[in-house]
Amino acid sequence: MRKVVGLNQGWYYCDSFCEEFLQHEFDGHPWQEVTLPHANKEIPYNYFDERDYQFVSTYRRKLAIDPGDQNKRLFLDFEGVMAAADVYLNQVLVGAHRGGYTPFSCDISHAVDFGGDNQLVVVADSTERPDIPPFGNVMDYLCYGGIYRDVSLRVVDHVFIENVFAKPKNVLAQAKGLEVDVYINNPLNRAAAGQLCASLSRDERIIAQACREFKLDQLGIQVETLNLSNLTDVELWDLDTPNLYKLVVELKTNLPTEDSFAVRIGFREAVVQPDGFYLNGRRVKIRGLNRHQAWPYVGYAMPKRAQQDDADILKYELGVNTVRTSHYPQSRHFLDRCDEIGLLVIEEIPGWQHIGDDQWKQLACEHVREMIQRDWNHPSVFLWGVRINESRDDHDFYTETNRIARELDPTRQTCGVRVHAHSEFLEDVYTMNDFTHFGGDLVLRDQRVVTGLDHYVPYIVTEYNGHMYPTKRFDHEERLMEHGLRHMRVLSAAGLDPHIAGTVGWCAFDYNTHYQFGSGDRICYHGVMDMFRIPKFAADAYRSQVDPEKGLVLSPVTIWARGERSIGGVFPLVIFTNCECVEMKVDGQSVGKFFPDRLQFPGVKYPPVVIRRAPRNFGEWGSQWYDGEFIGYVDGKPAITKKFVKNPVASRLEIKADHQLLCADGADATRVVFSMVDQVGNLIPYISDFISIEVEGPGEVIGPKQVALIGGCIATWIKAKPTPGIIRVRAVSSRLASETIAIKTE
Ligand code: GAL
């Protein structure tokens, strides 16, 4: 039976490489001991030189091998090493991989010393090598460096299951089916007879089983198919009901060998048609955001929990139904979570505008294969992006990427994100970055203007806004308002056009970038949240589109100050809300009820309320300034309130951890947010005090321990050390100290 052992702990790291490091006797102990995921270099929040992490580094660790595994096959599975990896075991090169976003495995069976010490060395080349996608030209994101995803050891018999692709059939019928392709690996070309069994279960309850005999007669991969039919007891995977099932495939041969392979699947039909996107036969407007998998200080190197939290933020805090993994395959943990919570995914190969030479293209084709074979069982993934984001047309190259995708996975449509109109349509879905909206009346183009075709095709807008209107969380209130409104206008325009299946905005989170992009400080302030996942007002434009029973939203776009805006006051006041109307009070007196602006935003379910003018006797420069209060109504009754004080003062330094319990594995981490708030708990945006983050117990701060508040707040991640206990965290500023919070690690 297969054994999988995690290898994230116990690595020794050196920020250089020389041949001597490969020597068996080489003593790696003076090196720094690290746990994966690991960033080859921690970088400052901004204004760093992006070349700082672009170097070759070395990772070493001892590999404990069970002498009982002598007659097995042993593999090292790497989920992501940036950008090129050479893997040596006991000085033997056991594998190499080019490309930092897709997994690879190294067969180490021939290189293992079963009685002795096994030294594993990984050389990670994190330079921007022009022979590896996405590199070769400028690009608007950073790829960071190191072994930034999980590594494990897999021990299997000589004949084993390499992969399983489960394809739900007749999903919308009462009696569904499941076609299970089993990729059997027979590396020694042994002839044998065998049996395969598949069983589908949910919560330990078996729903269906099927078995069949087969003959093994091929070297390498042999695909055998099992069919489970008449599945009447299966519930669909959908946005609100992400039902998941476990499929276990067991293999036995007369050699004798055996193996077992488990995948998690969902039954759903997801198809983009010329008149929209259909999920399980129901038309759903795609409302999504793009995500880079990057965080402050450590770039990509964040553990499972942070990956999962990002999916939760998109689904629950931003209320979107789709994410595009711009511009590369993202963490398995992120996709697993998308499956669990019902968040649709558009996944694409690594790249940004540039297409390299033939070898480069071959690698990109390999990335198509690796992406699909890693992720084909995720019900959340519904489109394969098989073009380099925003690249020029390349008939042969993209004919080939589409061919590979369709051959490997006939169940999903392909797409390819372009920015040039009238580009050659080789995919199943035309996906376009439409940056038309620049604040005026023009918001989105008719798809026929973009495609140049005389008929409608399946069509999604995969980016908008972004560089057209970079906005910092701590920008001026009027800019923050316009930022939110631009997102809202696009949602509304898409809502009115049945031939736009939906839109995916640029983007969810601000991100570090190269000096050629962003605000000069190596940050692109394009997110509806900042790099710490703290929302800007535009986040509320998305959040407000969720039905009230899933959470009420009442977000007046204001800091409520007399002199923040040009000419003064807070009008016109936009309120992102899903309430049926909003009552405004000034100094405790009601000044009226205001209703959603359906005239300006006819295409969204929950248009913002816009209060255009100040009530009489309020707001003039030189008059009194008062407390404000907003009350959102649902079913005619007050349901949610938001208060502002006329004279905010720094009253509390709040501290909030996203999680109170971590795994004591040296990698697990939770975000902790520190906010300076006023008398009624509102963030005070123009305070930039320094805070010291004090940590006791088995935890450490990722990034600096002394930081300045940015726009009134800041976050950090607290990482668990590999010893269980209680981590205590508090923050101290020159005027206030937070309470102390406890995070347990086990
Ligand atoms: C697009 C690109 C994105 C990002 C965005 C900024 O052209 O695909 O990666 O750079 O512009 O608006």
# chains A, B, ... in the order shown; residues from 1 in each chain; ligands from 1
>>> closest_atom_pairs(of="chain A", to="ligand 1", cutoff="6 Å", atoms="only C-alpha atoms and all ligand atoms", output="CSV")
residue,atom,partner,partner_atom_place_in_ligand_line,distance
A:Asp140,CA,ligand 1,10 (O),5.0
A:Gly466,CA,ligand 1,12 (O),3.4
A:His467,CA,ligand 1,12 (O),3.8
>>> closest_atom_pairs(of="range 435-484 of chain A", to="range 548-556 of chain A", cutoff="12 Å", atoms="only C-alpha atoms", output="tab-separated table")
residue	atom	partner	partner_atom	distance
A:Glu477	CA	A:Pro556	CA	10.9
A:Leu480	CA	A:Pro556	CA	11.4
A:Met481	CA	A:Pro556	CA	9.5
A:Gly484	CA	A:Ser555	CA	11.1
>>> closest_residue(among="A:Phe618, A:Pro535, A:Trp360, A:Ser57", to="Val673 in chain A", atoms="only C-alpha atoms")
A:Pro535
>>> closest_residue(among="A:Gly299, A:Pro187, A:Pro470, A:Gly563", to="Glu42 in chain A", atoms="only C-alpha atoms")
A:Gly299
>>> residues_around(residues="Leu247 in chain A", least_positions_apart="4", cutoff="6 Å", atoms="only C-alpha atoms", output="number ranges by chain")
A: 199-200, 262-263
>>> select_by_dssp(residues="range 538-634 of chain A", states="strand (DSSP E)", output="ChimeraX atom specification")
/A:554-556,573-577,581-586,589-594,609-611,628-634
>>> atom_distance(atom1="CA of Ile691 in chain A", atom2="CA of Val707 in chain A")
5.5 Å
>>> select_by_dssp(residues="range 392-615 of chain A", states="alpha helix (DSSP H)", output="PyMOL selection string")
chain A and resi 395-408+447-451+477-496+537-543
>>> residues_around(residues="Tyr525 in chain A", least_positions_apart="3", cutoff="9 Å", atoms="only C-alpha atoms", output="list in words")
Gly466, His467, Tyr469, Pro470, Thr471, Lys472, Arg473, Phe509, Asp510, Tyr511, Asn512, Gly518, Ser519, Val528, Met529, Asp530 and Met531 of chain A
>>> residues_around(residues="range 489-492 of chain A", least_positions_apart="6", cutoff="10 Å", atoms="only C-alpha atoms", output="number ranges by chain")
A: 285-288, 436-437, 439, 441-444, 461, 464-465, 502-505, 541-542, 545, 598, 600-607
>>> write_last_selection(atoms="N, CA and C atoms", output="PDB file, in the first residue's frame")
ATOM      1  N   LYS A 285     -24.710  34.650 -13.364  1.00  0.00           N
ATOM      2  CA  LYS A 285     -23.787  35.688 -13.826  1.00  0.00           C
ATOM      3  C   LYS A 285     -22.475  35.524 -13.059  1.00  0.00           C
ATOM      4  N   ILE A 286     -21.411  35.395 -13.813  1.00  0.00           N
ATOM      5  CA  ILE A 286     -20.104  35.283 -13.166  1.00  0.00           C
ATOM      6  C   ILE A 286     -19.732  36.640 -12.584  1.00  0.00           C
ATOM      7  N   ARG A 287     -19.452  36.647 -11.294  1.00  0.00           N
ATOM      8  CA  ARG A 287     -19.012  37.887 -10.635  1.00  0.00           C
ATOM      9  C   ARG A 287     -17.760  37.518  -9.856  1.00  0.00           C
ATOM     10  N   GLY A 288     -16.613  37.883 -10.421  1.00  0.00           N
ATOM     11  CA  GLY A 288     -15.383  37.389  -9.823  1.00  0.00           C
ATOM     12  C   GLY A 288     -14.302  38.437  -9.679  1.00  0.00           C
ATOM     13  N   THR A 436     -12.001  49.224 -21.059  1.00  0.00           N
ATOM     14  CA  THR A 436     -12.663  50.367 -21.668  1.00  0.00           C
ATOM     15  C   THR A 436     -13.038  51.437 -20.654  1.00  0.00           C
ATOM     16  N   HIS A 437     -13.513  51.008 -19.492  1.00  0.00           N
ATOM     17  CA  HIS A 437     -14.090  51.992 -18.574  1.00  0.00           C
ATOM     18  C   HIS A 437     -13.021  52.882 -17.952  1.00  0.00           C
ATOM     19  N   GLY A 439     -14.114  55.842 -16.360  1.00  0.00           N
ATOM     20  CA  GLY A 439     -14.884  56.796 -15.573  1.00  0.00           C
ATOM     21  C   GLY A 439     -16.023  57.434 -16.346  1.00  0.00           C
ATOM     22  N   ASP A 441     -18.999  57.288 -19.728  1.00  0.00           N
ATOM     23  CA  ASP A 441     -20.215  56.521 -19.956  1.00  0.00           C
ATOM     24  C   ASP A 441     -19.930  55.140 -20.536  1.00  0.00           C
ATOM     25  N   LEU A 442     -18.797  55.042 -21.214  1.00  0.00           N
ATOM     26  CA  LEU A 442     -18.470  53.759 -21.833  1.00  0.00           C
ATOM     27  C   LEU A 442     -17.978  52.814 -20.739  1.00  0.00           C
ATOM     28  N   VAL A 443     -18.639  51.671 -20.613  1.00  0.00           N
ATOM     29  CA  VAL A 443     -18.251  50.784 -19.514  1.00  0.00           C
ATOM     30  C   VAL A 443     -17.714  49.456 -20.036  1.00  0.00           C
ATOM     31  N   LEU A 444     -18.523  48.755 -20.817  1.00  0.00           N
ATOM     32  CA  LEU A 444     -18.057  47.515 -21.444  1.00  0.00           C
ATOM     33  C   LEU A 444     -18.477  47.550 -22.900  1.00  0.00           C
ATOM     34  N   VAL A 461     -15.557  38.685 -19.499  1.00  0.00           N
ATOM     35  CA  VAL A 461     -14.570  39.758 -19.306  1.00  0.00           C
ATOM     36  C   VAL A 461     -13.706  39.352 -18.114  1.00  0.00           C
ATOM     37  N   TYR A 464     -10.859  44.164 -15.602  1.00  0.00           N
ATOM     38  CA  TYR A 464     -11.235  45.560 -15.838  1.00  0.00           C
ATOM     39  C   TYR A 464     -10.720  46.363 -14.653  1.00  0.00           C
ATOM     40  N   ASN A 465     -10.708  47.661 -14.753  1.00  0.00           N
ATOM     41  CA  ASN A 465     -10.182  48.600 -13.737  1.00  0.00           C
ATOM     42  C   ASN A 465      -8.673  48.501 -13.592  1.00  0.00           C
ATOM     43  N   GLY A 502     -20.131  37.109 -17.693  1.00  0.00           N
ATOM     44  CA  GLY A 502     -19.777  37.664 -16.399  1.00  0.00           C
ATOM     45  C   GLY A 502     -18.458  38.388 -16.473  1.00  0.00           C
ATOM     46  N   THR A 503     -18.038  38.879 -15.305  1.00  0.00           N
ATOM     47  CA  THR A 503     -16.828  39.688 -15.251  1.00  0.00           C
ATOM     48  C   THR A 503     -15.960  39.263 -14.066  1.00  0.00           C
ATOM     49  N   VAL A 504     -14.662  39.392 -14.269  1.00  0.00           N
ATOM     50  CA  VAL A 504     -13.713  39.075 -13.199  1.00  0.00           C
ATOM     51  C   VAL A 504     -12.811  40.302 -13.060  1.00  0.00           C
ATOM     52  N   GLY A 505     -12.952  41.025 -11.989  1.00  0.00           N
ATOM     53  CA  GLY A 505     -12.287  42.324 -11.858  1.00  0.00           C
ATOM     54  C   GLY A 505     -10.826  42.212 -11.484  1.00  0.00           C
ATOM     55  N   ALA A 541     -18.468  47.171  -2.587  1.00  0.00           N
ATOM     56  CA  ALA A 541     -19.274  47.145  -3.813  1.00  0.00           C
ATOM     57  C   ALA A 541     -19.597  45.685  -4.148  1.00  0.00           C
ATOM     58  N   TYR A 542     -18.598  44.807  -3.993  1.00  0.00           N
ATOM     59  CA  TYR A 542     -18.819  43.377  -4.269  1.00  0.00           C
ATOM     60  C   TYR A 542     -19.649  42.729  -3.166  1.00  0.00           C
ATOM     61  N   GLN A 545     -23.415  42.770  -3.062  1.00  0.00           N
ATOM     62  CA  GLN A 545     -24.217  42.041  -4.052  1.00  0.00           C
ATOM     63  C   GLN A 545     -24.687  40.674  -3.552  1.00  0.00           C
ATOM     64  N   ARG A 598     -31.455  52.674  -8.775  1.00  0.00           N
ATOM     65  CA  ARG A 598     -31.665  51.710  -9.870  1.00  0.00           C
ATOM     66  C   ARG A 598     -31.512  52.359 -11.241  1.00  0.00           C
ATOM     67  N   GLN A 600     -29.137  54.567 -12.140  1.00  0.00           N
ATOM     68  CA  GLN A 600     -27.727  54.556 -12.544  1.00  0.00           C
ATOM     69  C   GLN A 600     -27.140  53.164 -12.606  1.00  0.00           C
ATOM     70  N   PHE A 601     -27.701  52.245 -11.807  1.00  0.00           N
ATOM     71  CA  PHE A 601     -27.121  50.897 -11.736  1.00  0.00           C
ATOM     72  C   PHE A 601     -28.197  49.841 -11.954  1.00  0.00           C
ATOM     73  N   PRO A 602     -28.803  49.857 -13.158  1.00  0.00           N
ATOM     74  CA  PRO A 602     -29.947  48.966 -13.385  1.00  0.00           C
ATOM     75  C   PRO A 602     -29.560  47.487 -13.482  1.00  0.00           C
ATOM     76  N   GLY A 603     -28.265  47.212 -13.669  1.00  0.00           N
ATOM     77  CA  GLY A 603     -27.879  45.826 -13.938  1.00  0.00           C
ATOM     78  C   GLY A 603     -27.460  45.026 -12.727  1.00  0.00           C
ATOM     79  N   VAL A 604     -27.482  45.643 -11.538  1.00  0.00           N
ATOM     80  CA  VAL A 604     -27.104  44.858 -10.349  1.00  0.00           C
ATOM     81  C   VAL A 604     -28.322  44.648  -9.465  1.00  0.00           C
ATOM     82  N   LYS A 605     -28.258  43.615  -8.679  1.00  0.00           N
ATOM     83  CA  LYS A 605     -29.394  43.289  -7.812  1.00  0.00           C
ATOM     84  C   LYS A 605     -29.506  44.305  -6.670  1.00  0.00           C
ATOM     85  N   TYR A 606     -28.354  44.730  -6.163  1.00  0.00           N
ATOM     86  CA  TYR A 606     -28.369  45.657  -5.024  1.00  0.00           C
ATOM     87  C   TYR A 606     -27.580  46.919  -5.365  1.00  0.00           C
ATOM     88  N   PRO A 607     -28.231  47.865  -6.054  1.00  0.00           N
ATOM     89  CA  PRO A 607     -27.521  49.114  -6.391  1.00  0.00           C
ATOM     90  C   PRO A 607     -27.203  49.897  -5.122  1.00  0.00           C
TER      91      PRO A 607
END
>>> closest_residue(among="A:Asp259, A:Asp312, A:Asp49, A:Asp375", to="Ala166 in chain A", atoms="only C-alpha atoms")
A:Asp375
>>> closest_residue(among="A:Glu348, A:Asp66, A:Asp203, A:Asp52", to="Glu128 in chain A", atoms="only C-alpha atoms")
A:Asp52
>>> residues_around(residues="Pro458 in chain A", least_positions_apart="4", cutoff="7 Å", atoms="only C-alpha atoms", output="ChimeraX atom specification")
/A:272-274,276,429-430
>>> atom_distance(atom1="CA of Phe26 in chain A", atom2="CA of Ala111 in chain A")
17.8 Å
>>> residues_around(residues="Val320 in chain A", least_positions_apart="3", cutoff="8 Å", atoms="only C-alpha atoms", output="ChimeraX atom specification")
/A:287-289,314-316,323,343,542-543
>>> closest_residue(among="A:Arg305, A:Arg479, A:Lys41, A:His354", to="Phe334 in chain A", atoms="only C-alpha atoms")
A:Arg305
>>> closest_residue(among="A:Cys507, A:Gly95, A:Asp540, A:Ala742", to="Cys524 in chain A", atoms="only C-alpha atoms")
A:Cys507
